[in-house]
$ cat final_8.cif   # mmCIF, N, CA and C atoms
data_run
#
loop_
_atom_site.label_atom_id
_atom_site.label_comp_id
_atom_site.auth_asym_id
_atom_site.auth_seq_id
_atom_site.Cartn_x
_atom_site.Cartn_y
_atom_site.Cartn_z
N MET A 1 46.18 94.82 118.54
CA MET A 1 45.45 94.96 117.30
C MET A 1 44.47 96.12 117.49
N LYS A 2 44.43 97.01 116.51
CA LYS A 2 43.61 98.20 116.61
C LYS A 2 42.52 98.17 115.54
N GLU A 3 41.25 98.29 115.99
CA GLU A 3 40.16 98.37 115.02
C GLU A 3 40.21 99.75 114.38
N ILE A 4 40.20 99.78 113.05
CA ILE A 4 40.24 101.07 112.37
C ILE A 4 38.88 101.47 111.84
N VAL A 5 38.01 100.49 111.56
CA VAL A 5 36.66 100.82 111.07
C VAL A 5 35.79 99.56 111.12
N ALA A 6 34.49 99.76 111.27
CA ALA A 6 33.56 98.63 111.27
C ALA A 6 32.19 99.10 110.79
N TRP A 7 31.49 98.20 110.11
CA TRP A 7 30.13 98.47 109.63
C TRP A 7 29.28 97.24 109.87
N ASP A 8 28.02 97.46 110.16
CA ASP A 8 27.07 96.37 110.31
C ASP A 8 26.25 96.27 109.02
N ARG A 9 26.92 95.92 107.95
CA ARG A 9 26.28 95.75 106.65
C ARG A 9 27.11 94.81 105.80
N ARG A 10 26.55 94.36 104.69
CA ARG A 10 27.20 93.36 103.84
C ARG A 10 28.13 94.03 102.83
N PHE A 11 29.35 93.47 102.72
CA PHE A 11 30.33 93.90 101.73
C PHE A 11 30.67 92.71 100.85
N GLN A 12 30.88 92.99 99.57
CA GLN A 12 31.29 91.97 98.61
C GLN A 12 32.68 92.31 98.08
N VAL A 13 33.43 91.27 97.74
CA VAL A 13 34.67 91.50 97.00
C VAL A 13 34.21 91.95 95.62
N TRP A 14 34.51 93.18 95.27
CA TRP A 14 33.96 93.79 94.05
C TRP A 14 34.95 93.77 92.90
N GLN A 15 36.22 94.04 93.21
CA GLN A 15 37.21 94.16 92.13
C GLN A 15 38.61 93.96 92.69
N TYR A 16 39.45 93.33 91.90
CA TYR A 16 40.88 93.27 92.20
C TYR A 16 41.62 93.50 90.89
N THR A 17 42.49 94.48 90.87
CA THR A 17 43.28 94.74 89.67
C THR A 17 44.72 94.34 89.93
N VAL A 18 45.20 93.42 89.15
CA VAL A 18 46.56 92.91 89.32
C VAL A 18 47.58 93.99 88.99
N SER A 19 47.34 94.76 87.94
CA SER A 19 48.33 95.75 87.48
C SER A 19 48.66 96.79 88.55
N HIS A 20 47.67 97.20 89.34
CA HIS A 20 47.93 98.18 90.40
C HIS A 20 47.78 97.58 91.79
N ALA A 21 47.48 96.29 91.86
CA ALA A 21 47.33 95.57 93.13
C ALA A 21 46.36 96.29 94.05
N VAL A 22 45.18 96.62 93.51
CA VAL A 22 44.13 97.30 94.28
C VAL A 22 42.96 96.34 94.46
N LEU A 23 42.53 96.21 95.71
CA LEU A 23 41.37 95.41 96.06
C LEU A 23 40.25 96.34 96.48
N LEU A 24 39.06 96.13 95.93
CA LEU A 24 37.90 96.95 96.27
C LEU A 24 36.81 96.05 96.85
N LEU A 25 36.39 96.38 98.08
CA LEU A 25 35.22 95.76 98.70
C LEU A 25 34.10 96.79 98.62
N ARG A 26 32.89 96.36 98.31
CA ARG A 26 31.79 97.31 98.14
C ARG A 26 30.55 96.84 98.89
N SER A 27 29.89 97.79 99.53
CA SER A 27 28.60 97.57 100.15
C SER A 27 27.59 98.42 99.41
N TYR A 28 26.69 97.75 98.72
CA TYR A 28 25.64 98.46 97.99
C TYR A 28 24.39 97.60 97.98
N HIS A 29 23.35 98.09 98.57
CA HIS A 29 22.07 97.40 98.58
C HIS A 29 21.00 98.48 98.77
N PRO A 30 20.45 99.00 97.67
CA PRO A 30 19.56 100.16 97.76
C PRO A 30 18.29 99.92 98.59
N GLN A 31 17.85 98.67 98.71
CA GLN A 31 16.66 98.40 99.51
C GLN A 31 16.97 98.44 101.01
N LYS A 32 18.22 98.23 101.38
CA LYS A 32 18.60 98.21 102.80
C LYS A 32 19.31 99.48 103.25
N TYR A 33 20.16 100.05 102.40
CA TYR A 33 21.02 101.16 102.80
C TYR A 33 20.82 102.35 101.87
N GLY A 34 20.93 103.54 102.42
CA GLY A 34 20.80 104.75 101.62
C GLY A 34 22.10 105.19 100.97
N THR A 35 23.19 104.50 101.29
CA THR A 35 24.49 104.88 100.74
C THR A 35 25.25 103.65 100.25
N ARG A 36 26.30 103.93 99.52
CA ARG A 36 27.23 102.90 99.06
C ARG A 36 28.56 103.17 99.77
N ILE A 37 29.24 102.12 100.18
CA ILE A 37 30.56 102.26 100.79
C ILE A 37 31.55 101.44 99.99
N ASP A 38 32.66 102.07 99.59
CA ASP A 38 33.78 101.38 98.96
C ASP A 38 34.93 101.35 99.94
N VAL A 39 35.58 100.20 100.06
CA VAL A 39 36.79 100.04 100.87
C VAL A 39 37.88 99.59 99.91
N ALA A 40 38.97 100.36 99.86
CA ALA A 40 40.06 100.05 98.93
C ALA A 40 41.35 99.74 99.70
N PHE A 41 42.01 98.68 99.28
CA PHE A 41 43.33 98.32 99.78
C PHE A 41 44.29 98.52 98.61
N HIS A 42 45.36 99.27 98.84
CA HIS A 42 46.31 99.59 97.77
C HIS A 42 47.63 98.85 97.98
N ALA A 43 48.28 98.52 96.89
CA ALA A 43 49.55 97.79 96.89
C ALA A 43 49.41 96.49 97.68
N VAL A 44 48.43 95.71 97.31
CA VAL A 44 48.17 94.44 97.99
C VAL A 44 49.27 93.44 97.63
N SER A 45 49.85 92.82 98.66
CA SER A 45 50.88 91.82 98.41
C SER A 45 50.41 90.41 98.75
N GLN A 46 49.46 90.30 99.67
CA GLN A 46 48.89 89.01 100.05
C GLN A 46 47.44 89.23 100.47
N MET A 47 46.62 88.20 100.28
CA MET A 47 45.26 88.28 100.79
C MET A 47 44.67 86.89 100.92
N LYS A 48 43.76 86.78 101.85
CA LYS A 48 42.96 85.57 102.03
C LYS A 48 41.55 86.08 102.30
N LEU A 49 40.64 85.81 101.36
CA LEU A 49 39.31 86.40 101.43
C LEU A 49 38.22 85.35 101.22
N GLN A 50 37.02 85.73 101.59
CA GLN A 50 35.82 85.01 101.20
C GLN A 50 35.05 85.96 100.30
N PRO A 51 34.03 85.50 99.57
CA PRO A 51 33.33 86.37 98.62
C PRO A 51 32.61 87.56 99.23
N SER A 52 32.12 87.42 100.48
CA SER A 52 31.42 88.53 101.11
C SER A 52 31.62 88.49 102.63
N PHE A 53 31.35 89.64 103.26
CA PHE A 53 31.49 89.79 104.70
C PHE A 53 30.28 90.55 105.23
N GLU A 54 29.68 90.04 106.30
CA GLU A 54 28.58 90.74 106.96
C GLU A 54 28.56 90.36 108.42
N PRO A 55 28.88 91.26 109.32
CA PRO A 55 29.34 92.64 109.14
C PRO A 55 30.81 92.65 108.71
N LEU A 56 31.39 93.84 108.63
CA LEU A 56 32.81 93.97 108.30
C LEU A 56 33.49 94.85 109.34
N ALA A 57 34.52 94.30 109.97
CA ALA A 57 35.38 95.06 110.89
C ALA A 57 36.81 94.88 110.40
N ILE A 58 37.54 95.98 110.32
CA ILE A 58 38.93 95.93 109.85
C ILE A 58 39.84 96.37 110.99
N HIS A 59 40.82 95.51 111.30
CA HIS A 59 41.80 95.78 112.34
C HIS A 59 43.18 95.86 111.70
N ARG A 60 44.02 96.75 112.20
CA ARG A 60 45.42 96.80 111.75
C ARG A 60 46.27 96.14 112.82
N ALA A 61 47.00 95.11 112.40
CA ALA A 61 47.89 94.41 113.32
C ALA A 61 49.19 95.19 113.46
N ASP A 62 49.73 95.23 114.67
CA ASP A 62 51.05 95.86 114.82
C ASP A 62 52.10 94.87 114.32
N GLU A 63 53.35 95.29 114.32
CA GLU A 63 54.42 94.48 113.73
C GLU A 63 54.55 93.11 114.40
N GLU A 64 54.47 93.09 115.71
CA GLU A 64 54.60 91.83 116.46
C GLU A 64 53.42 90.89 116.16
N GLU A 65 52.22 91.43 116.14
CA GLU A 65 51.03 90.63 115.83
C GLU A 65 51.09 90.09 114.40
N ALA A 66 51.55 90.92 113.47
CA ALA A 66 51.67 90.49 112.08
C ALA A 66 52.66 89.34 111.95
N ALA A 67 53.78 89.44 112.67
CA ALA A 67 54.79 88.37 112.63
C ALA A 67 54.23 87.07 113.21
N GLN A 68 53.46 87.17 114.28
CA GLN A 68 52.85 85.97 114.88
C GLN A 68 51.81 85.38 113.94
N PHE A 69 51.07 86.23 113.28
CA PHE A 69 49.98 85.78 112.41
C PHE A 69 50.49 85.18 111.11
N LEU A 70 51.44 85.84 110.46
CA LEU A 70 51.91 85.40 109.14
C LEU A 70 53.21 84.62 109.16
N GLY A 71 53.97 84.72 110.23
CA GLY A 71 55.24 84.01 110.33
C GLY A 71 56.20 84.41 109.23
N ALA A 72 56.71 83.44 108.49
CA ALA A 72 57.71 83.69 107.44
C ALA A 72 57.13 84.42 106.24
N GLN A 73 55.80 84.50 106.13
CA GLN A 73 55.16 85.16 104.99
C GLN A 73 55.00 86.66 105.22
N LEU A 74 55.60 87.21 106.25
CA LEU A 74 55.46 88.62 106.58
C LEU A 74 55.94 89.48 105.41
N PRO A 75 55.10 90.42 104.95
CA PRO A 75 55.50 91.27 103.82
C PRO A 75 56.60 92.25 104.21
N SER A 76 57.38 92.69 103.25
CA SER A 76 58.49 93.60 103.53
C SER A 76 58.03 95.04 103.68
N TYR A 77 56.80 95.34 103.29
CA TYR A 77 56.26 96.70 103.43
C TYR A 77 54.77 96.62 103.73
N GLY A 78 54.19 97.72 104.13
CA GLY A 78 52.75 97.78 104.34
C GLY A 78 52.33 97.24 105.69
N SER A 79 51.03 97.00 105.80
CA SER A 79 50.43 96.55 107.05
C SER A 79 49.59 95.31 106.81
N LEU A 80 49.36 94.59 107.89
CA LEU A 80 48.45 93.46 107.86
C LEU A 80 47.10 93.95 108.38
N PHE A 81 46.07 93.86 107.55
CA PHE A 81 44.72 94.24 107.92
C PHE A 81 43.91 92.96 108.11
N LEU A 82 43.42 92.74 109.31
CA LEU A 82 42.63 91.56 109.62
C LEU A 82 41.16 91.89 109.46
N LEU A 83 40.42 91.03 108.79
CA LEU A 83 39.00 91.23 108.55
C LEU A 83 38.21 90.37 109.53
N ASN A 84 37.31 91.02 110.24
CA ASN A 84 36.44 90.39 111.23
C ASN A 84 37.25 89.63 112.28
N ASP A 85 37.13 88.36 112.33
CA ASP A 85 37.78 87.59 113.39
C ASP A 85 39.24 87.26 113.11
N GLY A 86 39.76 87.71 111.98
CA GLY A 86 41.16 87.45 111.65
C GLY A 86 41.36 86.21 110.80
N SER A 87 40.30 85.50 110.46
CA SER A 87 40.46 84.33 109.59
C SER A 87 40.69 84.76 108.14
N HIS A 88 40.43 86.03 107.84
CA HIS A 88 40.67 86.59 106.51
C HIS A 88 41.51 87.85 106.69
N TYR A 89 42.34 88.14 105.70
CA TYR A 89 43.26 89.27 105.86
C TYR A 89 43.69 89.83 104.52
N VAL A 90 44.26 91.03 104.58
CA VAL A 90 44.84 91.68 103.41
C VAL A 90 46.14 92.34 103.87
N CYS A 91 47.23 92.07 103.17
CA CYS A 91 48.49 92.79 103.39
C CYS A 91 48.56 93.86 102.31
N ALA A 92 48.60 95.11 102.74
CA ALA A 92 48.57 96.22 101.79
C ALA A 92 49.26 97.44 102.38
N SER A 93 49.57 98.40 101.52
CA SER A 93 50.20 99.62 102.02
C SER A 93 49.19 100.50 102.74
N THR A 94 47.95 100.56 102.25
CA THR A 94 46.93 101.40 102.88
C THR A 94 45.55 100.75 102.78
N CYS A 95 44.68 101.22 103.64
CA CYS A 95 43.26 100.87 103.60
C CYS A 95 42.50 102.18 103.71
N SER A 96 41.62 102.45 102.73
CA SER A 96 40.83 103.68 102.71
C SER A 96 39.38 103.32 102.43
N TRP A 97 38.48 104.19 102.82
CA TRP A 97 37.07 103.96 102.53
C TRP A 97 36.38 105.27 102.22
N HIS A 98 35.26 105.13 101.51
CA HIS A 98 34.50 106.31 101.10
C HIS A 98 33.02 105.93 101.01
N GLU A 99 32.17 106.79 101.56
CA GLU A 99 30.73 106.57 101.52
C GLU A 99 30.09 107.65 100.66
N ASP A 100 29.20 107.24 99.76
CA ASP A 100 28.55 108.22 98.88
C ASP A 100 27.17 107.73 98.47
N GLN A 101 26.54 108.44 97.57
CA GLN A 101 25.19 108.12 97.09
C GLN A 101 25.21 107.32 95.80
N GLY A 102 26.37 106.83 95.39
CA GLY A 102 26.49 106.13 94.12
C GLY A 102 25.77 104.79 94.11
N ASP A 103 25.66 104.24 92.89
CA ASP A 103 25.09 102.90 92.76
C ASP A 103 26.19 101.92 92.36
N HIS A 104 25.80 100.73 91.92
CA HIS A 104 26.81 99.72 91.61
C HIS A 104 27.63 100.03 90.36
N ARG A 105 27.17 100.94 89.51
CA ARG A 105 27.92 101.29 88.31
C ARG A 105 28.61 102.65 88.39
N THR A 106 28.33 103.42 89.41
CA THR A 106 28.96 104.72 89.57
C THR A 106 30.46 104.54 89.80
N PRO A 107 31.31 105.35 89.16
CA PRO A 107 32.76 105.20 89.37
C PRO A 107 33.13 105.30 90.85
N SER A 108 34.09 104.50 91.22
CA SER A 108 34.60 104.54 92.59
C SER A 108 35.48 105.76 92.77
N ARG A 109 35.48 106.30 93.95
CA ARG A 109 36.38 107.42 94.27
C ARG A 109 37.85 106.99 94.15
N PHE A 110 38.08 105.69 94.21
CA PHE A 110 39.44 105.18 94.22
C PHE A 110 40.01 104.94 92.83
N GLY A 111 39.41 105.56 91.83
CA GLY A 111 39.99 105.49 90.50
C GLY A 111 39.18 104.65 89.55
N PRO A 112 39.56 104.69 88.31
CA PRO A 112 38.84 103.90 87.31
C PRO A 112 39.15 102.42 87.47
N LEU A 113 38.19 101.71 88.00
CA LEU A 113 38.34 100.26 88.17
C LEU A 113 37.32 99.60 87.26
N ARG A 114 37.72 98.59 86.59
CA ARG A 114 36.83 97.88 85.67
C ARG A 114 35.55 97.47 86.38
N GLY A 115 34.42 97.72 85.74
CA GLY A 115 33.13 97.38 86.33
C GLY A 115 32.57 98.47 87.21
N THR A 116 33.29 99.57 87.39
CA THR A 116 32.80 100.67 88.22
C THR A 116 32.72 101.96 87.43
N GLU A 117 32.83 101.90 86.10
CA GLU A 117 32.77 103.11 85.29
C GLU A 117 31.33 103.42 84.95
#

$ encode --input "final_8.cif" --output "structure tokens"
Amino acid sequence: MKEIVAWDRRFQVWQYTVSHAVLLLRSYHPQKYGTRIDVAFHAVSQMKLQPSFEPLAIHRADEEEAAQFLGAQLPSYGSLFLLNDGSHYVCASTCSWHEDQGDHRTPSRFGPLRGTE
């Protein structure tokens, strides 16, 4: 399992759009942090989440680890991304992140998502 990114700050499940299967996690707290971070998972096929994560570490499981973790539920495409200790996960084609000076209403770099316009 390979860690691809980690932050020592709070992230919330901010948005999920069924039509494009995009999940957005957002870290925004102007009193604590000078920046906002959006984490987007695209083409989500499965997920198991809690409402927020603090801290957040994302690991990409290799094919063998994904098969052990998900068993028969293994997706036909994409990767298994394990969040923190692996008790939560997202199966998606990609995981991307972007840090900027935006606030909670500033549009996300990852496209027009409801609640981020």

$ atom_distance --input "final_8.cif" --atom1 "CA of Phe11 (chain A)" --atom2 "CA of Arg36 (chain A)"
9.9 Å

$ closest_residue --input "final_8.cif" --among "A:Ala21, A:Phe81, A:Met47, A:Glu99" --to "Glu63 (chain A)" --atoms "only C-alpha atoms"
A:Phe81

$ resolve_selection --input "final_8.cif" --expression "the PyMOL selection byres ((chain A and resi 23) around 6)" --output "count of residues only"
11

$ resolve_selection --input "final_8.cif" --expression "the PyMOL selection byres ((chain A and resi 60) around 7)" --output "PyMOL selection string"
chain A and resi 1-4+58-59+61-62+79-82

$ atom_distance --input "final_8.cif" --atom1 "atom C of Pro55 (chain A)" --atom2 "CA of Ala43 (chain A)"
22.7 Å

$ closest_residue --input "final_8.cif" --among "A:Asp85, A:Asp103, A:Ser45, A:Val5" --to "His29 (chain A)" --atoms "all atoms listed in the file"
A:Asp103

$ atom_distance --input "final_8.cif" --atom1 "atom N of Leu70 (chain A)" --atom2 "atom N of Thr94 (chain A)"
17.2 Å

$ select_by_dssp --input "final_8.cif" --residues "region 12-101 of chain A" --states "strand (DSSP E)" --output "number ranges by chain"
A: 12-17, 22-27, 36-42, 46-48, 52-53, 56-61, 79-83, 88-92, 94-100

$ resolve_selection --input "final_8.cif" --expression "the PyMOL selection byres (((chain A and resi 26 and name CA) around 6) and name CA)" --output "ChimeraX atom specification"
/A:11-12,14,25,27,37-38

$ select_by_dssp --input "final_8.cif" --residues "region 38-77 of chain A" --states "helix (DSSP H, G or I)" --output "PDB file with N, CA and C atoms, in the coordinates of the input"
ATOM      1  N   GLU A  63      53.350  95.290 114.320  1.00  0.00           N
ATOM      2  CA  GLU A  63      54.420  94.480 113.730  1.00  0.00           C
ATOM      3  C   GLU A  63      54.550  93.110 114.400  1.00  0.00           C
ATOM      4  N   GLU A  64      54.470  93.090 115.710  1.00  0.00           N
ATOM      5  CA  GLU A  64      54.600  91.830 116.460  1.00  0.00           C
ATOM      6  C   GLU A  64      53.420  90.890 116.160  1.00  0.00           C
ATOM      7  N   GLU A  65      52.220  91.430 116.140  1.00  0.00           N
ATOM      8  CA  GLU A  65      51.030  90.630 115.830  1.00  0.00           C
ATOM      9  C   GLU A  65      51.090  90.090 114.400  1.00  0.00           C
ATOM     10  N   ALA A  66      51.550  90.920 113.470  1.00  0.00           N
ATOM     11  CA  ALA A  66      51.670  90.490 112.080  1.00  0.00           C
ATOM     12  C   ALA A  66      52.660  89.340 111.950  1.00  0.00           C
ATOM     13  N   ALA A  67      53.780  89.440 112.670  1.00  0.00           N
ATOM     14  CA  ALA A  67      54.790  88.370 112.630  1.00  0.00           C
ATOM     15  C   ALA A  67      54.230  87.070 113.210  1.00  0.00           C
ATOM     16  N   GLN A  68      53.460  87.170 114.280  1.00  0.00           N
ATOM     17  CA  GLN A  68      52.850  85.970 114.880  1.00  0.00           C
ATOM     18  C   GLN A  68      51.810  85.380 113.940  1.00  0.00           C
ATOM     19  N   PHE A  69      51.070  86.230 113.280  1.00  0.00           N
ATOM     20  CA  PHE A  69      49.980  85.780 112.410  1.00  0.00           C
ATOM     21  C   PHE A  69      50.490  85.180 111.110  1.00  0.00           C
ATOM     22  N   LEU A  70      51.440  85.840 110.460  1.00  0.00           N
ATOM     23  CA  LEU A  70      51.910  85.400 109.140  1.00  0.00           C
ATOM     24  C   LEU A  70      53.210  84.620 109.160  1.00  0.00           C
ATOM     25  N   GLY A  71      53.970  84.720 110.230  1.00  0.00           N
ATOM     26  CA  GLY A  71      55.240  84.010 110.330  1.00  0.00           C
ATOM     27  C   GLY A  71      56.200  84.410 109.230  1.00  0.00           C
ATOM     28  N   ALA A  72      56.710  83.440 108.490  1.00  0.00           N
ATOM     29  CA  ALA A  72      57.710  83.690 107.440  1.00  0.00           C
ATOM     30  C   ALA A  72      57.130  84.420 106.240  1.00  0.00           C
ATOM     31  N   GLN A  73      55.800  84.500 106.130  1.00  0.00           N
ATOM     32  CA  GLN A  73      55.160  85.160 104.990  1.00  0.00           C
ATOM     33  C   GLN A  73      55.000  86.660 105.220  1.00  0.00           C
TER      34      GLN A  73
END

$ closest_residue --input "final_8.cif" --among "A:Gln101, A:Asn84, A:Ser19, A:Ser108" --to "Gly34 (chain A)" --atoms "only N, CA and C atoms"
A:Gln101

$ residues_near_point --input "final_8.cif" --point "(49.7, 86.8, 106.1)" --cutoff "12 Å" --atoms "only C-alpha atoms" --output "mmCIF file with N, CA and C atoms, in the coordinates of the input"
data_model
loop_
_atom_site.group_PDB
_atom_site.id
_atom_site.type_symbol
_atom_site.label_atom_id
_atom_site.label_comp_id
_atom_site.auth_asym_id
_atom_site.auth_seq_id
_atom_site.Cartn_x
_atom_site.Cartn_y
_atom_site.Cartn_z
ATOM 1 N N VAL A 44 48.430 95.710 97.310
ATOM 2 C CA VAL A 44 48.170 94.440 97.990
ATOM 3 C C VAL A 44 49.270 93.440 97.630
ATOM 4 N N SER A 45 49.850 92.820 98.660
ATOM 5 C CA SER A 45 50.880 91.820 98.410
ATOM 6 C C SER A 45 50.410 90.410 98.750
ATOM 7 N N GLN A 46 49.460 90.300 99.670
ATOM 8 C CA GLN A 46 48.890 89.010 100.050
ATOM 9 C C GLN A 46 47.440 89.230 100.470
ATOM 10 N N MET A 47 46.620 88.200 100.280
ATOM 11 C CA MET A 47 45.260 88.280 100.790
ATOM 12 C C MET A 47 44.670 86.890 100.920
ATOM 13 N N LYS A 48 43.760 86.780 101.850
ATOM 14 C CA LYS A 48 42.960 85.570 102.030
ATOM 15 C C LYS A 48 41.550 86.080 102.300
ATOM 16 N N LEU A 49 40.640 85.810 101.360
ATOM 17 C CA LEU A 49 39.310 86.400 101.430
ATOM 18 C C LEU A 49 38.220 85.350 101.220
ATOM 19 N N ALA A 61 47.000 95.110 112.400
ATOM 20 C CA ALA A 61 47.890 94.410 113.320
ATOM 21 C C ALA A 61 49.190 95.190 113.460
ATOM 22 N N GLU A 63 53.350 95.290 114.320
ATOM 23 C CA GLU A 63 54.420 94.480 113.730
ATOM 24 C C GLU A 63 54.550 93.110 114.400
ATOM 25 N N GLU A 65 52.220 91.430 116.140
ATOM 26 C CA GLU A 65 51.030 90.630 115.830
ATOM 27 C C GLU A 65 51.090 90.090 114.400
ATOM 28 N N ALA A 66 51.550 90.920 113.470
ATOM 29 C CA ALA A 66 51.670 90.490 112.080
ATOM 30 C C ALA A 66 52.660 89.340 111.950
ATOM 31 N N ALA A 67 53.780 89.440 112.670
ATOM 32 C CA ALA A 67 54.790 88.370 112.630
ATOM 33 C C ALA A 67 54.230 87.070 113.210
ATOM 34 N N GLN A 68 53.460 87.170 114.280
ATOM 35 C CA GLN A 68 52.850 85.970 114.880
ATOM 36 C C GLN A 68 51.810 85.380 113.940
ATOM 37 N N PHE A 69 51.070 86.230 113.280
ATOM 38 C CA PHE A 69 49.980 85.780 112.410
ATOM 39 C C PHE A 69 50.490 85.180 111.110
ATOM 40 N N LEU A 70 51.440 85.840 110.460
ATOM 41 C CA LEU A 70 51.910 85.400 109.140
ATOM 42 C C LEU A 70 53.210 84.620 109.160
ATOM 43 N N GLY A 71 53.970 84.720 110.230
ATOM 44 C CA GLY A 71 55.240 84.010 110.330
ATOM 45 C C GLY A 71 56.200 84.410 109.230
ATOM 46 N N ALA A 72 56.710 83.440 108.490
ATOM 47 C CA ALA A 72 57.710 83.690 107.440
ATOM 48 C C ALA A 72 57.130 84.420 106.240
ATOM 49 N N GLN A 73 55.800 84.500 106.130
ATOM 50 C CA GLN A 73 55.160 85.160 104.990
ATOM 51 C C GLN A 73 55.000 86.660 105.220
ATOM 52 N N LEU A 74 55.600 87.210 106.250
ATOM 53 C CA LEU A 74 55.460 88.620 106.580
ATOM 54 C C LEU A 74 55.940 89.480 105.410
ATOM 55 N N PRO A 75 55.100 90.420 104.950
ATOM 56 C CA PRO A 75 55.500 91.270 103.820
ATOM 57 C C PRO A 75 56.600 92.250 104.210
ATOM 58 N N SER A 76 57.380 92.690 103.250
ATOM 59 C CA SER A 76 58.490 93.600 103.530
ATOM 60 C C SER A 76 58.030 95.040 103.680
ATOM 61 N N GLY A 78 54.190 97.720 104.130
ATOM 62 C CA GLY A 78 52.750 97.780 104.340
ATOM 63 C C GLY A 78 52.330 97.240 105.690
ATOM 64 N N SER A 79 51.030 97.000 105.800
ATOM 65 C CA SER A 79 50.430 96.550 107.050
ATOM 66 C C SER A 79 49.590 95.310 106.810
ATOM 67 N N LEU A 80 49.360 94.590 107.890
ATOM 68 C CA LEU A 80 48.450 93.460 107.860
ATOM 69 C C LEU A 80 47.100 93.950 108.380
ATOM 70 N N PHE A 81 46.070 93.860 107.550
ATOM 71 C CA PHE A 81 44.720 94.240 107.920
ATOM 72 C C PHE A 81 43.910 92.960 108.110
ATOM 73 N N LEU A 82 43.420 92.740 109.310
ATOM 74 C CA LEU A 82 42.630 91.560 109.620
ATOM 75 C C LEU A 82 41.160 91.890 109.460
ATOM 76 N N LEU A 83 40.420 91.030 108.790
ATOM 77 C CA LEU A 83 39.000 91.230 108.550
ATOM 78 C C LEU A 83 38.210 90.370 109.530
ATOM 79 N N GLY A 86 39.760 87.710 111.980
ATOM 80 C CA GLY A 86 41.160 87.450 111.650
ATOM 81 C C GLY A 86 41.360 86.210 110.800
ATOM 82 N N SER A 87 40.300 85.500 110.460
ATOM 83 C CA SER A 87 40.460 84.330 109.590
ATOM 84 C C SER A 87 40.690 84.760 108.140
ATOM 85 N N HIS A 88 40.430 86.030 107.840
ATOM 86 C CA HIS A 88 40.670 86.590 106.510
ATOM 87 C C HIS A 88 41.510 87.850 106.690
ATOM 88 N N TYR A 89 42.340 88.140 105.700
ATOM 89 C CA TYR A 89 43.260 89.270 105.860
ATOM 90 C C TYR A 89 43.690 89.830 104.520
ATOM 91 N N VAL A 90 44.260 91.030 104.580
ATOM 92 C CA VAL A 90 44.840 91.680 103.410
ATOM 93 C C VAL A 90 46.140 92.340 103.870
ATOM 94 N N CYS A 91 47.230 92.070 103.170
ATOM 95 C CA CYS A 91 48.490 92.790 103.390
ATOM 96 C C CYS A 91 48.560 93.860 102.310
ATOM 97 N N ALA A 92 48.600 95.110 102.740
ATOM 98 C CA ALA A 92 48.570 96.220 101.790
ATOM 99 C C ALA A 92 49.260 97.440 102.380
#
